Structures are given as structure tokens and as C-alpha cells.
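Note sheet for the following structure.
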Amino acid sequence: VRLVDQREFTGKVLGADKLTDVAVVKVEAKDLPTVKLGNPANLKVGEWVAAIGSPFGLESSVTAGIVSAKSRSLPDERLVPFIQTDVAVNPGNSGGPLFNMTGEVVGINSQIFSTSGGYMGLSFAIPIDLAIKVKDQLVKDGKVTRGRIGVAIQSVDQPLAETFGLDRPRGALVGKVEPGLAAAKAGVKEGDVIVEFAGRKIDKASDLPLAVAETAPGTNVAIKVWRDRSEKALDVTIGAMDSDAVAVAQTGSGSSAPQGRLGVAVRPLNAQEAKQLGTEGGLVVQESAGAAAKAGIRAGDVIVSVNGKTVRQVDELRNQVAQAKGRVAVLVERNGQRMFVPVELG
């Protein structure tokens, strides 16, 4: 570890957390200068911030910009509510501090979005309060413990909100419940929309993984789900996330001809397919046309349920579609993942 005053020390890694890209390094040194830590919650979009780092090896470079957005969820980083800025950050800036205008550290510069490898106006910082929580656990236990409830989720868009009878797009739509884990034990079902967790409103699907991960395993938490067009209260005892697992993932003979309101030709899963997918039943899509194809359902998909009702036989699918009015929510399994697809019926 080399300091600005040119002193060098051998650092010892006390612990590292892959999911947040935060590590703790200890040095045996005296008279070290320190920085003040700020509260990222007080940042406002449009507020000026500055970054210090060593882009391309140019030590102690300062760049400035504004906060572009807060609590930004990135596709492969579901457990970090990033601070998005337009501060120029390049290779060599990673790990450097992000300051507010009173000189307080509010984040750790971590990532950029780029098609060229260089800065393109989008940079992302890990909020310093999250980094401190990770640091505290790494110093105390050498690892980070996170909560997990065992569901796969997706966002709720306007068509899905209308299908489920929600007043607006909100919550985290449950596409799969892992057997034997916390959510299953609490009675959470596929097709539920989790709208509140421990008193915290879940407006976006990305809000749920953060809330769950921050909760200590063993904690009993009250949640609210939207089911059958009304809210239902449940209690869930939080489980522990495996070190490489994600607390909440994402955001999946006798045939009918591809005609009618839905427009799919399907067949029931055989016993081997059902065992492989870990489901009690479902219908394999052999052909897709009309409304289903327009919605994105394709051959090879497995239809698990329609409007929350499991379908194992072709007649069950026909009946559910016949009873529907205008639009249905079809739960589809594809490449090991489940997702709800809203279909405007023909």
C-alpha cells in the first residue's frame, strides 16, 4: 500500500465480499490521515460530487460531476444500490472515494458503462454506508452474512399490473418459490406480488433483494403480498444466503393446434421432464402463433400456470383461457428461469 507521502506498507486482506466488490485491507502504520464519511441518503440528484483516483496510472487525479441517479440497480449487481454520476471515471479510478461538496466520502467508485473501455458519461459508486456494513462484518467474522427467502422475481409492468388487478405497476412478482425455504414455509405462492417487506414498500422488483439481504438470518419479518386482487399478510423467517447464492434472483402427448385465443400448440410434460425442471406439471409449447407469439412465448417454453392456476393438461389450459377476460398472465419456464408473460387474448 503506497500513500500520497510515498510511504509504503505491506497490506493484509482481512476479508473480501464478491457480491459488493468490497474488501478490507489492514496496514500496520501510524499517523495516517483520515477522511470524514457522509450519508448517501442525503445526496440529491443534481448535486455536485468529486472523485479522486489514479486513472491510467495518473495518481491523485480529481474529476467532478453531478449525481445522475440514486439506488441504481445493475443487471449483474442486484445487491448494491449504486450512486450513478457523470463524473469522469476510467480504469484506475476503481476503489477511489466519491466526495460530496463538504468533503465527506459518500461512495466508492466502482464501475463504468462503456462500449470502448473508457469513460462515456456513466459511472457508478458503491454507497459508503453499505461499504461500512460490509466492512464491519468482514472485520468481525471474516465473511458477510445475508438473508435469503428463496424466490425468483420479476418486475411488474402496466399490462401485468392490470392483469393482477393492481392499482399501478409496483412490487416484485414471484415467478418461482424454492421448496423448503423461507418463502415456501411462509406460504408465498407463485403469482404473488410482494408489495411490502418489514414495513418497507416494495415499489420496484430490485427493492426486494436489497431488503432481504440486509436482514439477518433467523429474523421474523412481516410481509404483504397481493393475491387474488387483495392484500394478504404473511410472516416469514429469513434464511441464510449461501456464499455464492443470490438472495432473490432475477429481473422462465395430447396437443392443441396453435389457434384460438392464446395461439399455442402444447403437450404435457413427461415424468422425466417434470423431474428435471423440478415441477409437478406443465405444458411444453410446440408451436406458438397469434397472441402468444406476439407476447414473446415461443416453442420450447413450458407453461406452468395461467393467472396463478397451475395447468398440467391441455383441457386445463383451455378452461383458464376461456374464463379470462381480455388478458392473461402466463407463467413460463425458459432456460431454468421463470417469468410471467402478459398476453392480450385474441
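Residue numbering restarts at 1 in every chain; chains get A, B, ... in the order shown in the C-alpha cells, and ligands count up from 1 in that same order.
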
Name the residues in contact with stretch 157-165 of chain A at a cut-off of 8 Å, using only C-alpha atoms, excluding same-chain residues fewer than 2 positions from it; report them as a PDB file with C-alpha atoms, in the first residue's frame.
```
ATOM      1  CA  SER A 155     -40.766  -6.551 -12.358  1.00  0.00           C
ATOM      2  CA  ASP A 167     -53.675  -0.005  -8.949  1.00  0.00           C
ATOM      3  CA  ARG A 168     -50.304   0.649 -10.639  1.00  0.00           C
ATOM      4  CA  PRO A 169     -47.109  -1.205 -11.558  1.00  0.00           C
ATOM      5  CA  ARG A 170     -45.419  -1.972  -8.232  1.00  0.00           C
ATOM      6  CA  ARG A 227     -53.002 -12.275  -4.222  1.00  0.00           C
ATOM      7  CA  ASP A 228     -56.393 -12.753  -5.879  1.00  0.00           C
ATOM      8  CA  ARG A 229     -56.825  -8.962  -6.162  1.00  0.00           C
ATOM      9  CA  ASN A 307     -53.489 -16.378 -13.919  1.00  0.00           C
ATOM     10  CA  ARG A 327     -55.619 -10.525 -20.851  1.00  0.00           C
ATOM     11  CA  VAL A 328     -53.930 -13.398 -19.019  1.00  0.00           C
ATOM     12  CA  ALA A 329     -50.665 -13.712 -17.079  1.00  0.00           C
ATOM     13  CA  VAL A 341     -45.759 -13.002 -19.670  1.00  0.00           C
ATOM     14  CA  PRO A 342     -48.871 -10.827 -20.103  1.00  0.00           C
TER      15      PRO A 342
END
```

Can you pull out the residues contacting A:Ala222? Cut-off 7 Å, using only C-alpha atoms, and skip same-chain residues under 3 positions away; I want them as a compact mmCIF listing (two decimals) with C-alpha atoms, in the first residue's frame.
```txt
# COMPACT_ATOMS: atom_id res chain seq x y z
CA PHE A 197 -41.27 -6.24 3.38
CA ALA A 198 -40.72 -5.45 7.06
CA LEU A 234 -47.65 -13.26 5.91
CA ASP A 235 -44.80 -13.84 8.35
CA VAL A 236 -41.51 -15.16 7.02
```

Residues within 9 Å of A:Ala205, please, as an NGL selection string. Count only C-alpha atoms; anything in the same chain fewer than 4 positions from it doesn't count. :A and (153-156 or 170-173 or 194 or 209 or 250-251)

Serialized selection, C-alpha atoms, as a PDB file, in the first residue's frame:
```pdb
ATOM      1  CA  ILE A 153     -38.922 -12.498  -9.053  1.00  0.00           C
ATOM      2  CA  GLN A 154     -39.576 -10.124 -11.923  1.00  0.00           C
ATOM      3  CA  SER A 155     -40.766  -6.551 -12.358  1.00  0.00           C
ATOM      4  CA  VAL A 156     -44.425  -5.667 -12.720  1.00  0.00           C
ATOM      5  CA  ARG A 170     -45.419  -1.972  -8.232  1.00  0.00           C
ATOM      6  CA  GLY A 171     -43.982  -4.794  -6.190  1.00  0.00           C
ATOM      7  CA  ALA A 172     -41.958  -7.908  -7.000  1.00  0.00           C
ATOM      8  CA  LEU A 173     -43.826 -10.618  -8.894  1.00  0.00           C
ATOM      9  CA  ILE A 194     -44.665  -8.891  -2.776  1.00  0.00           C
ATOM     10  CA  PRO A 209     -33.193  -8.336  -2.913  1.00  0.00           C
ATOM     11  CA  GLN A 250     -33.723 -12.040 -11.331  1.00  0.00           C
ATOM     12  CA  THR A 251     -35.366  -9.063 -13.252  1.00  0.00           C
TER      13      THR A 251
END
```

Please report, as a tab-separated table, each residue of stretch 278-345 of chain A lying at most 9 Å from stretch 175-192 of chain A, together with the nearest pair of atoms and the separation in Å rounded to one decimal; use only C-alpha atoms, and order rows by chain and ascending residue number.
```
residue	atom	partner	partner_atom	distance
A:Ser305	CA	A:Glu190	CA	8.8
A:Asn307	CA	A:Gly191	CA	7.5
A:Gly308	CA	A:Gly191	CA	5.3
A:Lys309	CA	A:Gly191	CA	8.8
A:Ala329	CA	A:Gly191	CA	8.8
A:Leu331	CA	A:Gly175	CA	6.9
A:Val332	CA	A:Gly175	CA	8.5
A:Glu333	CA	A:Gly175	CA	8.9
A:Gln337	CA	A:Lys176	CA	8.3
A:Arg338	CA	A:Gly175	CA	5.4
A:Met339	CA	A:Gly175	CA	5.4
A:Phe340	CA	A:Gly175	CA	6.6
```

Writing out the chosen residues with C-alpha atoms as a PDB file, in the first residue's frame:
```
ATOM      1  CA  SER A 305     -49.713 -21.637 -14.868  1.00  0.00           C
ATOM      2  CA  ASN A 307     -53.489 -16.378 -13.919  1.00  0.00           C
ATOM      3  CA  GLY A 308     -51.989 -18.232 -10.955  1.00  0.00           C
ATOM      4  CA  LYS A 309     -53.707 -21.539 -11.712  1.00  0.00           C
ATOM      5  CA  ALA A 329     -50.665 -13.712 -17.079  1.00  0.00           C
ATOM      6  CA  LEU A 331     -46.087 -18.200 -16.112  1.00  0.00           C
ATOM      7  CA  VAL A 332     -43.410 -19.577 -18.426  1.00  0.00           C
ATOM      8  CA  GLU A 333     -40.230 -21.523 -17.629  1.00  0.00           C
ATOM      9  CA  GLN A 337     -35.824 -19.315 -15.194  1.00  0.00           C
ATOM     10  CA  ARG A 338     -39.476 -18.441 -14.728  1.00  0.00           C
ATOM     11  CA  MET A 339     -41.223 -15.271 -15.799  1.00  0.00           C
ATOM     12  CA  PHE A 340     -44.768 -14.019 -16.149  1.00  0.00           C
TER      13      PHE A 340
END
```

Near A:Arg2, counting only C-alpha atoms, which residues have an atom at most 12 Å away, once you skip same-chain residues fewer than 4 positions from it, shown as a PyMOL selection string? chain A and resi 6-11+27+29+32+59-60

Could you check which of A:Val134, A:Val321, A:Val343, A:Val49 is closest to A:Gly107, using only C-alpha atoms?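 Nearest candidate to A:Gly107 out of A:Val134, A:Val321, A:Val343, A:Val49: A:Val49.
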
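Neighbouring residues of A:Gln137 at 10 Å or closer, counting only C-alpha atoms and skipping chain neighbours under 6 positions away, are Gly15, Asp17, Lys143, Val144 and Thr145 of chain A.
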
The selected residues should be written to file as a PDB file, in the first residue's frame (atoms: all heavy atoms).
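The resulting file, again-v8.pdb, is shown below:
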```
ATOM      1  N   GLY A  15     -10.595  -9.584   4.678  1.00  0.00           N
ATOM      2  CA  GLY A  15     -11.767 -10.239   4.106  1.00  0.00           C
ATOM      3  C   GLY A  15     -12.201  -9.529   2.842  1.00  0.00           C
ATOM      4  O   GLY A  15     -11.883  -8.358   2.638  1.00  0.00           O
ATOM      5  N   ASP A  17     -15.637  -9.381  -0.100  1.00  0.00           N
ATOM      6  CA  ASP A  17     -17.020  -9.751  -0.401  1.00  0.00           C
ATOM      7  C   ASP A  17     -17.255  -9.604  -1.895  1.00  0.00           C
ATOM      8  O   ASP A  17     -17.305  -8.487  -2.428  1.00  0.00           O
ATOM      9  CB  ASP A  17     -17.982  -8.863   0.388  1.00  0.00           C
ATOM     10  CG  ASP A  17     -19.438  -9.197   0.105  1.00  0.00           C
ATOM     11  OD1 ASP A  17     -19.789 -10.396   0.164  1.00  0.00           O
ATOM     12  OD2 ASP A  17     -20.217  -8.278  -0.187  1.00  0.00           O
ATOM     13  N   LYS A 143     -16.431 -12.733   7.038  1.00  0.00           N
ATOM     14  CA  LYS A 143     -17.366 -13.004   5.942  1.00  0.00           C
ATOM     15  C   LYS A 143     -18.615 -12.152   6.140  1.00  0.00           C
ATOM     16  O   LYS A 143     -18.813 -11.550   7.210  1.00  0.00           O
ATOM     17  CB  LYS A 143     -17.752 -14.479   5.895  1.00  0.00           C
ATOM     18  CG  LYS A 143     -18.507 -14.949   7.131  1.00  0.00           C
ATOM     19  CD  LYS A 143     -18.911 -16.408   7.020  1.00  0.00           C
ATOM     20  CE  LYS A 143     -19.712 -16.837   8.253  1.00  0.00           C
ATOM     21  NZ  LYS A 143     -20.164 -18.254   8.139  1.00  0.00           N
ATOM     22  N   VAL A 144     -19.437 -12.095   5.111  1.00  0.00           N
ATOM     23  CA  VAL A 144     -20.675 -11.329   5.176  1.00  0.00           C
ATOM     24  C   VAL A 144     -21.855 -12.298   5.175  1.00  0.00           C
ATOM     25  O   VAL A 144     -21.930 -13.196   4.328  1.00  0.00           O
ATOM     26  CB  VAL A 144     -20.797 -10.356   3.980  1.00  0.00           C
ATOM     27  CG1 VAL A 144     -22.113  -9.591   4.050  1.00  0.00           C
ATOM     28  CG2 VAL A 144     -19.622  -9.392   3.976  1.00  0.00           C
ATOM     29  N   THR A 145     -22.745 -12.159   6.130  1.00  0.00           N
ATOM     30  CA  THR A 145     -23.948 -12.985   6.219  1.00  0.00           C
ATOM     31  C   THR A 145     -25.146 -12.197   5.714  1.00  0.00           C
ATOM     32  O   THR A 145     -25.366 -11.061   6.132  1.00  0.00           O
ATOM     33  CB  THR A 145     -24.200 -13.429   7.671  1.00  0.00           C
ATOM     34  OG1 THR A 145     -23.043 -14.124   8.149  1.00  0.00           O
ATOM     35  CG2 THR A 145     -25.396 -14.354   7.758  1.00  0.00           C
TER      36      THR A 145
END
```

Based on DSSP run over this structure's backbone, return all residues of stretch 65-293 of chain A in strand (DSSP E), as a ChimeraX atom specification. /A:65-74,77-85,97-99,104-112,123-127,147-148,151-155,172-177,193-197,200-201,220-227,230-237,239-240,264-268,283-288

Mind writing the picked residues with C-alpha atoms as a CSV table (one decimal), in the first residue's frame?
```
chain,number,residue,atom,x,y,z
A,65,GLY,CA,-19.7,16.0,-11.9
A,66,ILE,CA,-23.2,15.6,-10.6
A,67,VAL,CA,-25.3,12.8,-9.1
A,68,SER,CA,-27.3,11.4,-12.1
A,69,ALA,CA,-29.4,8.9,-10.2
A,70,LYS,CA,-29.6,7.0,-6.8
A,71,SER,CA,-30.3,3.4,-6.0
A,72,ARG,CA,-29.5,2.3,-9.5
A,73,SER,CA,-29.7,-1.5,-9.9
A,74,LEU,CA,-27.4,-3.0,-12.5
A,77,GLU,CA,-25.2,-6.4,-9.3
A,78,ARG,CA,-28.5,-6.9,-7.6
A,79,LEU,CA,-27.3,-6.2,-4.0
A,80,VAL,CA,-25.8,-2.8,-4.5
A,81,PRO,CA,-28.0,0.4,-4.9
A,82,PHE,CA,-25.4,2.3,-6.9
A,83,ILE,CA,-25.0,6.0,-7.0
A,84,GLN,CA,-24.9,6.9,-10.7
A,85,THR,CA,-22.9,10.0,-11.6
A,97,PRO,CA,-13.5,7.8,-3.0
A,98,LEU,CA,-16.5,9.8,-4.2
A,99,PHE,CA,-16.9,13.1,-2.2
A,104,GLU,CA,-17.3,13.8,3.0
A,105,VAL,CA,-16.9,10.4,1.4
A,106,VAL,CA,-20.3,9.2,0.1
A,107,GLY,CA,-19.2,6.3,-2.1
A,108,ILE,CA,-16.5,4.1,-3.6
A,109,ASN,CA,-16.1,4.5,-7.3
A,110,SER,CA,-16.6,1.0,-8.7
A,111,GLN,CA,-17.9,0.7,-12.3
A,112,ILE,CA,-18.4,2.4,-15.6
A,123,SER,CA,-20.1,5.9,-13.7
A,124,PHE,CA,-21.3,4.1,-10.6
A,125,ALA,CA,-20.3,4.2,-6.9
A,126,ILE,CA,-21.0,1.9,-4.0
A,127,PRO,CA,-22.7,3.9,-1.3
A,147,GLY,CA,-30.7,-13.1,4.3
A,148,ARG,CA,-32.5,-15.2,1.7
A,151,VAL,CA,-37.9,-16.8,-4.6
A,152,ALA,CA,-37.3,-15.8,-8.2
A,153,ILE,CA,-38.9,-12.5,-9.1
A,154,GLN,CA,-39.6,-10.1,-11.9
A,155,SER,CA,-40.8,-6.6,-12.4
A,172,ALA,CA,-42.0,-7.9,-7.0
A,173,LEU,CA,-43.8,-10.6,-8.9
A,174,VAL,CA,-43.0,-14.1,-7.7
A,175,GLY,CA,-42.2,-16.5,-10.6
A,176,LYS,CA,-40.8,-19.4,-8.6
A,177,VAL,CA,-40.8,-20.4,-4.9
A,193,VAL,CA,-46.7,-9.8,-5.8
A,194,ILE,CA,-44.7,-8.9,-2.8
A,195,VAL,CA,-45.6,-5.3,-2.1
A,196,GLU,CA,-44.2,-4.8,1.4
A,197,PHE,CA,-41.3,-6.2,3.4
A,200,ARG,CA,-40.8,-1.1,3.7
A,201,LYS,CA,-42.7,-0.6,0.5
A,220,ASN,CA,-39.1,-13.0,11.7
A,221,VAL,CA,-40.4,-10.4,9.2
A,222,ALA,CA,-43.9,-9.4,8.2
A,223,ILE,CA,-44.5,-9.1,4.5
A,224,LYS,CA,-47.6,-8.2,2.4
A,225,VAL,CA,-48.4,-9.9,-0.9
A,226,TRP,CA,-51.0,-9.1,-3.5
A,227,ARG,CA,-53.0,-12.3,-4.2
A,230,SER,CA,-56.4,-8.2,-2.5
A,231,GLU,CA,-53.5,-7.8,0.1
A,232,LYS,CA,-52.6,-10.7,2.3
A,233,ALA,CA,-50.2,-10.5,5.4
A,234,LEU,CA,-47.6,-13.3,5.9
A,235,ASP,CA,-44.8,-13.8,8.4
A,236,VAL,CA,-41.5,-15.2,7.0
A,237,THR,CA,-38.4,-16.3,9.0
A,239,GLY,CA,-33.0,-17.9,5.9
A,240,ALA,CA,-29.2,-17.5,5.2
A,264,VAL,CA,-50.2,-22.3,-28.8
A,265,ALA,CA,-49.8,-26.0,-29.6
A,266,VAL,CA,-48.8,-27.8,-26.3
A,267,ARG,CA,-48.3,-31.2,-24.8
A,268,PRO,CA,-48.0,-32.2,-21.1
A,283,LEU,CA,-47.2,-27.9,-20.8
A,284,VAL,CA,-44.5,-27.7,-23.3
A,285,VAL,CA,-45.1,-25.3,-26.1
A,286,GLN,CA,-44.6,-27.0,-29.5
A,287,GLU,CA,-45.8,-24.1,-31.7
A,288,SER,CA,-46.6,-20.5,-30.9
```

Using DSSP on the backbone coordinates, identify the residues of stretch 13-176 of chain A assigned to alpha helix (DSSP H); present them as a ChimeraX atom specification. /A:128-141,158-164

Save the residues we just selected, N, CA and C atoms, as a compact mmCIF listing (two decimals), in the first residue's frame?
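File produced: result-v3.txt:
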```
# COMPACT_ATOMS: atom_id res chain seq x y z
N ILE A 128 -21.31 4.53 0.60
CA ILE A 128 -20.33 4.27 1.66
C ILE A 128 -20.98 3.61 2.87
N ASP A 129 -22.27 3.85 3.12
CA ASP A 129 -22.91 3.21 4.27
C ASP A 129 -23.00 1.70 4.06
N LEU A 130 -23.26 1.26 2.82
CA LEU A 130 -23.27 -0.16 2.52
C LEU A 130 -21.87 -0.75 2.69
N ALA A 131 -20.85 -0.02 2.20
CA ALA A 131 -19.47 -0.50 2.32
C ALA A 131 -19.07 -0.66 3.78
N ILE A 132 -19.52 0.26 4.63
CA ILE A 132 -19.18 0.19 6.06
C ILE A 132 -19.85 -1.03 6.71
N LYS A 133 -21.09 -1.31 6.32
CA LYS A 133 -21.77 -2.51 6.86
C LYS A 133 -21.00 -3.77 6.48
N VAL A 134 -20.56 -3.82 5.23
CA VAL A 134 -19.78 -4.97 4.77
C VAL A 134 -18.46 -5.04 5.54
N LYS A 135 -17.81 -3.87 5.69
CA LYS A 135 -16.54 -3.82 6.42
C LYS A 135 -16.69 -4.34 7.84
N ASP A 136 -17.74 -3.90 8.53
CA ASP A 136 -17.95 -4.31 9.92
C ASP A 136 -18.05 -5.83 10.04
N GLN A 137 -18.78 -6.47 9.11
CA GLN A 137 -18.93 -7.92 9.17
C GLN A 137 -17.63 -8.63 8.82
N LEU A 138 -16.90 -8.09 7.83
CA LEU A 138 -15.63 -8.71 7.44
C LEU A 138 -14.62 -8.65 8.58
N VAL A 139 -14.56 -7.52 9.28
CA VAL A 139 -13.61 -7.38 10.38
C VAL A 139 -14.00 -8.29 11.54
N LYS A 140 -15.29 -8.39 11.82
CA LYS A 140 -15.76 -9.18 12.95
C LYS A 140 -15.73 -10.68 12.67
N ASP A 141 -16.25 -11.08 11.49
CA ASP A 141 -16.45 -12.50 11.21
C ASP A 141 -15.63 -13.04 10.05
N GLN A 158 -47.11 -2.38 -16.70
CA GLN A 158 -48.51 -1.97 -16.74
C GLN A 158 -49.46 -3.12 -17.14
N PRO A 159 -49.15 -3.89 -18.20
CA PRO A 159 -50.05 -4.99 -18.53
C PRO A 159 -50.19 -6.02 -17.41
N LEU A 160 -49.08 -6.35 -16.73
CA LEU A 160 -49.18 -7.31 -15.62
C LEU A 160 -49.95 -6.71 -14.45
N ALA A 161 -49.75 -5.42 -14.18
CA ALA A 161 -50.49 -4.77 -13.10
C ALA A 161 -52.00 -4.85 -13.35
N GLU A 162 -52.39 -4.60 -14.59
CA GLU A 162 -53.82 -4.67 -14.94
C GLU A 162 -54.33 -6.10 -14.83
N THR A 163 -53.50 -7.06 -15.26
CA THR A 163 -53.91 -8.46 -15.19
C THR A 163 -54.15 -8.91 -13.76
N PHE A 164 -53.28 -8.48 -12.83
CA PHE A 164 -53.41 -8.91 -11.44
C PHE A 164 -54.30 -7.98 -10.61
```

Would you mind listing what lies within 8 Å of A:Gln320 as a PyMOL selection string, with only C-alpha atoms counted and same-chain residues fewer than 2 positions away left out? chain A and resi 306-307+309+316-318+322-324
